[in-house]
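*Asks:* Below is a structure I'd like to ask you about.
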4 protein chains.
Amino acid sequence: MAEKMLAAVKTDAAPRATTMKTVPRPEAGPGEVLVKVKIASICGTDVHIYRWDEWAKARIKPPLIQGHEFAGEVVDLGENTTHIQVGDYVSAEGHVACGACYQCRTGQSHICPNVHIIGVDRDGAFAEYVAVPEENIIVNPANLPLEMATIQDPFGNSVQTVFSADAPGNNVAVFGLGPTGLMSVALLRAIATSKIFAIGHVNEYRMNLARELGADYVLKASDDLEAVVAQETEGRGVDHVLEMSGSPHAFNQGLKILRPGGGMHVLGIYADPFVVDVSSDMVTKGIQLYGIHGRRMYADWYRMAGLLTSGKLNLKPIITHRFPFEEFLEAIEVMESGNCGKVVLYME
Amino acid sequence: MAEKMLAAVKTDAAPRATTMKTVPRPEAGPGEVLVKVKIASICGTDVHIYRWDEWAKARIKPPLIQGHEFAGEVVDLGENTTHIQVGDYVSAEGHVACGACYQCRTGQSHICPNVHIIGVDRDGAFAEYVAVPEENIIVNPANLPLEMATIQDPFGNSVQTVFSADAPGNNVAVFGLGPTGLMSVALLRAIATSKIFAIGHVNEYRMNLARELGADYVLKASDDLEAVVAQETEGRGVDHVLEMSGSPHAFNQGLKILRPGGGMHVLGIYADPFVVDVSSDMVTKGIQLYGIHGRRMYADWYRMAGLLTSGKLNLKPIITHRFPFEEFLEAIEVMESGNCGKVVLYME
Amino acid sequence: MAEKMLAAVKTDAAPRATTMKTVPRPEAGPGEVLVKVKIASICGTDVHIYRWDEWAKARIKPPLIQGHEFAGEVVDLGENTTHIQVGDYVSAEGHVACGACYQCRTGQSHICPNVHIIGVDRDGAFAEYVAVPEENIIVNPANLPLEMATIQDPFGNSVQTVFSADAPGNNVAVFGLGPTGLMSVALLRAIATSKIFAIGHVNEYRMNLARELGADYVLKASDDLEAVVAQETEGRGVDHVLEMSGSPHAFNQGLKILRPGGGMHVLGIYADPFVVDVSSDMVTKGIQLYGIHGRRMYADWYRMAGLLTSGKLNLKPIITHRFPFEEFLEAIEVMESGNCGKVVLYME
Amino acid sequence: MAEKMLAAVKTDAAPRATTMKTVPRPEAGPGEVLVKVKIASICGTDVHIYRWDEWAKARIKPPLIQGHEFAGEVVDLGENTTHIQVGDYVSAEGHVACGACYQCRTGQSHICPNVHIIGVDRDGAFAEYVAVPEENIIVNPANLPLEMATIQDPFGNSVQTVFSADAPGNNVAVFGLGPTGLMSVALLRAIATSKIFAIGHVNEYRMNLARELGADYVLKASDDLEAVVAQETEGRGVDHVLEMSGSPHAFNQGLKILRPGGGMHVLGIYADPFVVDVSSDMVTKGIQLYGIHGRRMYADWYRMAGLLTSGKLNLKPIITHRFPFEEFLEAIEVMESGNCGKVVLYME
């Protein structure tokens, strides 16, 4: 194995400030495995770091190799690993949980308060090699295409969100048509959701993708959603809302179009606190709200493997751009533009 | 309205003993509505009565007009009805629950111990008109085809069974490929079940239908199911078993191929008690077993309407035979042969 | 039966404006039963109407006989009743649901959007007789004391809220020590909640009641709740918060002391929309929020009967004041003062 | 630390064949901690091994130090431990799960098919020292009495079983009054179960204990249970049955007294397969059956700590016999007699 590798390094605490450079190859520490990365994909989080927004300033300590969505092959094992083997075709859960807290010890490690995230709090996969705790390694089915393997981490967000609802035969609205929203639309389509309302903002590219992936109605946040939903559901309202936009306006619109007793499933992150009509929109309507973070470890990964190898879910259109890893900077610019689905990078 | 109507009447406590004859048209009593039947379908229960088996002998009091699967139009309202209107396009839940017991008062009227069943304990829908309690009437969506509307009662059995499991992305086995098993296969397909194992007996007609409706593997009870499932699930076992065959052998095979922690969903009715390895197959494996009866009133009906009008579920192949009502006796003979899916009767 | 009866009548659209007067006795209409009231109790809602606040102005149409918490004896049956009998010892669910909407047809009639409330939208139980739909009648166990029978409607709010959580062996905070909060404390005590934090405001009377009913910690909203809870739960936070105060500050405090993955159970009604930190307090913490309204019809009533006759729940201290019905105006003044638990009225 | 220790060693593959002897002290291997045992208690499983029954013959490989219920102090740490510290007051989950299988990776490690059990498949706690994987170590609350700390492993069986049901305010029957059944009775009492029916066999000692721990009705399997339950529940039946006896007769009786829609929670282990009336007793009644094995790792342990330190659960009477460890052979004879609750051993 080479001692050096190519990596995309966030070098400084400043916007952009990412450089393609040769750095020392990481080693697999105790309990870790070393993965040769074959494919990686770019997350919205990576764009936040690239732009160096408020969240990034508070959290990120450059230099850092970003990237937590990937697939590759195990090439080395650290001490005290137990079941993963060299040659395994793998991806990884990005949340490295502590293993010792109440959440980790009760099946809720996806909300471990001591979490470290690959590519955020430790070096990640925008590189030829990445070292990952064995615990986090997912062995992929042999017949899972690379492009599906790499998007499992964000698709897992969609999976956790969608399956916190009861969609089949019911009516569901998705707010926010970024990659996670779009994958949710495709998944809702695959599980026979009755009517899927996909609500975007201004991005025609993504609204068209939503249509292609199975949305029955593609609307804008500026439409009269209450009127449309009331008419199309015979006054019942939607049974579930998936809020993936991060817009307070969408959150409150979502509550309005939800039927009494419905479910509000929130993956969106909001820049600031905002006003909610808790009494009218949540209490007297008897709604349930689910805050969604990460992916259930690792039930959601098993379900993903089952979905992605079944031939019954069409996620292919979500991959809209492919780059060789060397063109990482072009790739992240496409992602930043928003005129794309998922953008993937090939390392070899 | 005519005072007389054509009906298929079980005239005597004997096998067959069903005659097409003209009888007085029923009237809508207090709290009832009168439905002009447009289409009806034949249930396995109807075959039990036709054959006059032990169950029928104990339960049925001829003369009786059978039939509980149908769709039609409301043509008259009895006193004290509240919301159904003349002209409504309707079907009906076949279980007339008492409304006063613990089960009925707590959302479990599908297992009301005082239930009366339409076409079993009171006159049914193998006739030009049927009187039904308003409570049991389901208003169908205008765009629901007649052939889908009439099979909702048995499809509701499939719906309750399938949604007592967690199928999407998981592996599920269905034992028993009668109409309810076949509709379950189609439904599992529609909700992205990862691998669907359909297990029949000797009836090639129905095994072919299972394949057409979406089964990934069509097997016979005499196959080495444990070996096949172990291989196709990488040793994990299926996550859920739907037992719809009524065969003790199938029940016990189902438990063997179920993974630890899996779900056993039993709609099948067994002629006699039988031996079960409770310790090894249920307790130490930590499985959950769900006895399924009828349809949840009326959550399963709303879900059915959502599924059947979505265009995302393909139940059409399940309707294999169509007869004018006058040929009822031919129709029930086809049903008895087993070489069919659902058999429907057109009243007009 | 007398043709006239004594009633407390809200005569005018104005604060107070309630008069004790003789009015015609109601009759049991179709599907209704007539109850001779033996005991009634005063709800916070009755105080809102008495004070004629904004909510009351928008909803109430005087003249009105208030009162929806009561127990008594059935003395007459209207037409078309089916199972209730003269002489039955009864109480009633106050929400008269429509019976025809999606919610009513799927076991969620407690959030029927077409609900009419006894004593709010139709004449109620602050009178010698009240007519109630048979559907809403609850037959009380013979050994249920009158003072427990009359408080079931509000206790049902506590029951629905508490059992939407998973309290036994876990730590729970209750915000708001009105009667519903106090009954929740007693119930949490009865089901072995590990640590019960009861959080009041300034009312010492009710904070003392909370202690008597089983709170392990009685705190004020102005205390440093985060510090206290962190210390007493070893940094874990409470597992569930029951928000019954209607205070935005309490709502947001509740979210802060909740552990990641915990449950927020909201019965409180807030005068206005308010600011919530949805991202930090609900999404990334992975919490579930349950809006609670009314009582599940009628599962919560069966559970209540089981609890109240078991001898394992001590609700007696909650009844702090007893008046003969003639002294209704004194009774409601006590209720308005807040220096009380439940205030009951004896009609005979 | 001494190099040698006293242990109770099953020396040979034969009935009894247990000797108190001095053996080498174990060491904490990689990922393990060494615990100085202060108290241990005897499980029914230990009696099976002592008697050398069919199950023991098939599973146990002497020489073996038995014992998986204990509490003590951590005195040494192996390599690669992460959060447990010397001096911690601990107990341990007895099931050492593999960590790599589907069950372990999805929060169901209590039914890991590759489990090894402490004191069964590896040396246990009937000794002065025991080495345990850090993963399995439970840090006890400082104020948890030793006698409560040692019985957590079996109490965890009761906890998992009881909380798979919905007991508060409902009626529950417990079949089998061994220690686990008795602890379940105490727990049901502590969470305001409405009516607790405790059903024993012939052991008066344990039937009296059931009464003391809170059973409302103590019955024998030979009583007319259907009649008693019907009368005491007004014909409804019990809402849940906890089957902890391992008797096929009890299993089938339990199904008969269960109401339609009720829950059957089975911890009992049956020597052989047996006849069940699946149709009448499980399917048409719409019941749910839960096979229960072990304790949820580690949610049930957190709940236990919350219950046992709350002062709201009275388990003290369950400890009926106390011995110094040196008298282990007398202690296990008491356990074998059945005239006892839990039997504990003090190591110091």
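Simple scheme: letters A, B, ... for chains in structure tokens order, numbers from 1 for residues in each chain, numbers from 1 for ligands in the order shown.
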For chain B, which residues have at least one atom within 12 Å of chain A, if we go by only C-alpha atoms? Write them as a PyMOL selection string, please.
*Replies:* chain B and resi 141-142+159+162-164+166-172+186-196+214-216+232-234+236+238-239+299-314
*Asks:* So that I can check the surroundings of B:Ala149, please list as a PyMOL selection string every protein, DNA and RNA residue that reaches within 12 Å of it, counting only C-alpha atoms and ignoring chain neighbours fewer than 4 positions away.
*Replies:* chain B and resi 37-41+69-73+89-93+138-145+153-156+301+304-305+307-309+315-316+319+344
*Asks:* Take the residues that were just selected and, keeping N, CA and C atoms, output them as a compact mmCIF listing (two decimals), in the first residue's frame.
*Replies:*
# COMPACT_ATOMS: atom_id res chain seq x y z
N VAL B 37 -77.54 -4.44 -5.60
CA VAL B 37 -76.24 -5.06 -5.82
C VAL B 37 -75.88 -5.02 -7.31
N LYS B 38 -74.69 -4.54 -7.62
CA LYS B 38 -74.24 -4.53 -9.02
C LYS B 38 -73.25 -5.65 -9.30
N ILE B 39 -72.47 -5.98 -8.30
CA ILE B 39 -71.46 -7.02 -8.46
C ILE B 39 -71.29 -7.69 -7.10
N ALA B 40 -71.00 -8.99 -7.14
CA ALA B 40 -70.68 -9.70 -5.89
C ALA B 40 -69.57 -10.67 -6.21
N SER B 41 -68.88 -11.15 -5.17
CA SER B 41 -67.84 -12.14 -5.39
C SER B 41 -67.97 -13.24 -4.35
N GLU B 69 -69.49 -10.24 -0.08
CA GLU B 69 -68.58 -9.41 -0.87
C GLU B 69 -69.38 -8.81 -2.02
N PHE B 70 -69.48 -7.49 -2.06
CA PHE B 70 -70.31 -6.90 -3.12
C PHE B 70 -70.06 -5.40 -3.23
N ALA B 71 -70.64 -4.83 -4.27
CA ALA B 71 -70.70 -3.38 -4.41
C ALA B 71 -72.00 -3.05 -5.12
N GLY B 72 -72.50 -1.87 -4.86
CA GLY B 72 -73.76 -1.50 -5.49
C GLY B 72 -74.13 -0.07 -5.16
N GLU B 73 -75.42 0.20 -5.29
CA GLU B 73 -75.88 1.58 -5.10
C GLU B 73 -76.98 1.62 -4.06
N TYR B 89 -72.40 5.13 -3.93
CA TYR B 89 -71.75 3.92 -4.49
C TYR B 89 -71.04 3.24 -3.31
N VAL B 90 -71.48 2.05 -2.96
CA VAL B 90 -71.04 1.49 -1.68
C VAL B 90 -70.65 0.02 -1.75
N SER B 91 -69.87 -0.38 -0.75
CA SER B 91 -69.68 -1.78 -0.40
C SER B 91 -70.00 -1.89 1.08
N ALA B 92 -69.68 -3.03 1.70
CA ALA B 92 -69.98 -3.13 3.13
C ALA B 92 -69.01 -4.06 3.83
N GLU B 93 -68.70 -3.71 5.06
CA GLU B 93 -68.01 -4.59 5.97
C GLU B 93 -69.01 -5.69 6.34
N ILE B 138 -69.69 1.19 3.49
CA ILE B 138 -68.48 1.90 3.08
C ILE B 138 -68.81 2.64 1.79
N VAL B 139 -68.64 3.95 1.78
CA VAL B 139 -68.82 4.70 0.54
C VAL B 139 -67.53 4.57 -0.27
N ASN B 140 -67.65 4.01 -1.45
CA ASN B 140 -66.46 3.80 -2.28
C ASN B 140 -66.07 5.07 -3.03
N PRO B 141 -64.77 5.25 -3.28
CA PRO B 141 -64.36 6.36 -4.16
C PRO B 141 -65.02 6.17 -5.53
N ALA B 142 -65.40 7.27 -6.16
CA ALA B 142 -66.11 7.20 -7.43
C ALA B 142 -65.30 6.46 -8.49
N ASN B 143 -63.97 6.58 -8.42
CA ASN B 143 -63.13 5.97 -9.45
C ASN B 143 -62.66 4.55 -9.10
N LEU B 144 -63.28 3.94 -8.12
CA LEU B 144 -62.90 2.56 -7.77
C LEU B 144 -63.69 1.61 -8.67
N PRO B 145 -62.99 0.81 -9.49
CA PRO B 145 -63.72 -0.10 -10.38
C PRO B 145 -64.56 -1.10 -9.59
N ASP B 153 -63.74 -6.81 0.98
CA ASP B 153 -63.88 -7.55 2.24
C ASP B 153 -62.75 -8.58 2.39
N PRO B 154 -62.48 -9.45 1.42
CA PRO B 154 -61.35 -10.36 1.59
C PRO B 154 -59.99 -9.68 1.49
N PHE B 155 -59.90 -8.67 0.64
CA PHE B 155 -58.63 -7.95 0.56
C PHE B 155 -58.32 -7.30 1.92
N GLY B 156 -59.37 -6.93 2.62
CA GLY B 156 -59.17 -6.37 3.97
C GLY B 156 -58.51 -7.37 4.91
N TRP B 301 -60.36 -0.28 5.85
CA TRP B 301 -61.14 0.12 4.67
C TRP B 301 -60.63 1.42 4.07
N MET B 304 -57.49 0.58 2.31
CA MET B 304 -57.79 -0.10 1.05
C MET B 304 -58.17 0.88 -0.04
N ALA B 305 -59.03 1.82 0.29
CA ALA B 305 -59.42 2.81 -0.71
C ALA B 305 -58.19 3.55 -1.21
N LEU B 307 -55.10 2.46 -1.26
CA LEU B 307 -54.28 1.57 -2.08
C LEU B 307 -54.89 1.33 -3.45
N LEU B 308 -56.19 1.06 -3.45
CA LEU B 308 -56.83 0.61 -4.68
C LEU B 308 -57.01 1.72 -5.70
N THR B 309 -57.00 2.96 -5.24
CA THR B 309 -57.14 4.07 -6.18
C THR B 309 -55.80 4.71 -6.51
N LEU B 315 -53.92 -5.51 -8.50
CA LEU B 315 -54.74 -6.64 -8.07
C LEU B 315 -55.54 -7.24 -9.22
N LYS B 316 -55.46 -6.62 -10.39
CA LYS B 316 -56.33 -7.06 -11.48
C LYS B 316 -56.22 -8.54 -11.80
N ILE B 319 -58.66 -11.32 -10.37
CA ILE B 319 -60.02 -11.61 -10.87
C ILE B 319 -59.87 -12.50 -12.10
N VAL B 344 -66.18 -13.44 -9.84
CA VAL B 344 -67.17 -12.38 -9.60
C VAL B 344 -68.45 -12.60 -10.39
*Asks:* Going by DSSP on the backbone, which residues of stretch 61-294 of chain C come out as strand (DSSP E)? List them as a PyMOL selection string.
*Replies:* chain C and resi 64-65+69-77+89-92+95-96+116-117+129-133+137-139+171-175+195-200+217-220+238-243+258-266+274-276+288-291
*Asks:* To test your reading of the structure, identify every residue in stretch 101-210 of chain A that backbone DSSP assigns to helix (DSSP H, G or I), and report it as an MDAnalysis selection string.
*Replies:* chainID A and resid 102:105 109:111 134:136 146:149 152:163 179:190 204:210
*Asks:* As a list in words, please: the residues near C:Thr81 (cut-off 9 Å, only C-alpha atoms, same-chain neighbours under 5 positions excluded).
*Replies:*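 Once the adjacent positions are removed, what remains is Pro30, Gly31, Glu32, Val33, Pro133, Glu134 and Glu135 of chain C.
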*Asks:* Got time to write the residues from that selection, N, CA, C and O atoms, as a PDB file, in the first residue's frame?
*Replies:*
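Result file selection33.pdb:
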ATOM      1  N   PRO C  30     -84.247  11.089  20.601  1.00  0.00           N
ATOM      2  CA  PRO C  30     -83.902   9.807  19.959  1.00  0.00           C
ATOM      3  C   PRO C  30     -82.426   9.485  20.172  1.00  0.00           C
ATOM      4  O   PRO C  30     -81.570  10.345  19.970  1.00  0.00           O
ATOM      5  N   GLY C  31     -82.147   8.274  20.620  1.00  0.00           N
ATOM      6  CA  GLY C  31     -80.768   7.860  20.848  1.00  0.00           C
ATOM      7  C   GLY C  31     -80.156   8.437  22.116  1.00  0.00           C
ATOM      8  O   GLY C  31     -78.971   8.262  22.355  1.00  0.00           O
ATOM      9  N   GLU C  32     -80.962   9.115  22.924  1.00  0.00           N
ATOM     10  CA  GLU C  32     -80.436   9.714  24.158  1.00  0.00           C
ATOM     11  C   GLU C  32     -81.027   9.035  25.395  1.00  0.00           C
ATOM     12  O   GLU C  32     -82.054   8.379  25.334  1.00  0.00           O
ATOM     13  N   VAL C  33     -80.341   9.248  26.514  1.00  0.00           N
ATOM     14  CA  VAL C  33     -80.896   8.813  27.791  1.00  0.00           C
ATOM     15  C   VAL C  33     -80.948  10.026  28.717  1.00  0.00           C
ATOM     16  O   VAL C  33     -80.178  10.978  28.560  1.00  0.00           O
ATOM     17  N   PRO C 133     -76.433  11.535  24.760  1.00  0.00           N
ATOM     18  CA  PRO C 133     -76.500  10.439  23.781  1.00  0.00           C
ATOM     19  C   PRO C 133     -76.073   9.116  24.428  1.00  0.00           C
ATOM     20  O   PRO C 133     -75.087   9.075  25.170  1.00  0.00           O
ATOM     21  N   GLU C 134     -76.815   8.067  24.154  1.00  0.00           N
ATOM     22  CA  GLU C 134     -76.499   6.760  24.746  1.00  0.00           C
ATOM     23  C   GLU C 134     -75.056   6.355  24.464  1.00  0.00           C
ATOM     24  O   GLU C 134     -74.367   5.803  25.312  1.00  0.00           O
ATOM     25  N   GLU C 135     -74.592   6.639  23.261  1.00  0.00           N
ATOM     26  CA  GLU C 135     -73.217   6.337  22.883  1.00  0.00           C
ATOM     27  C   GLU C 135     -72.202   6.859  23.893  1.00  0.00           C
ATOM     28  O   GLU C 135     -71.177   6.235  24.146  1.00  0.00           O
TER      29      GLU C 135
END
*Asks:* Expressed in Å to a single decimal, how great is the separation between atom CA of A:Lys220 and atom CA of A:Cys340?
*Replies:*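 Atom CA of A:Lys220 sits 17.9 Å away from atom CA of A:Cys340.
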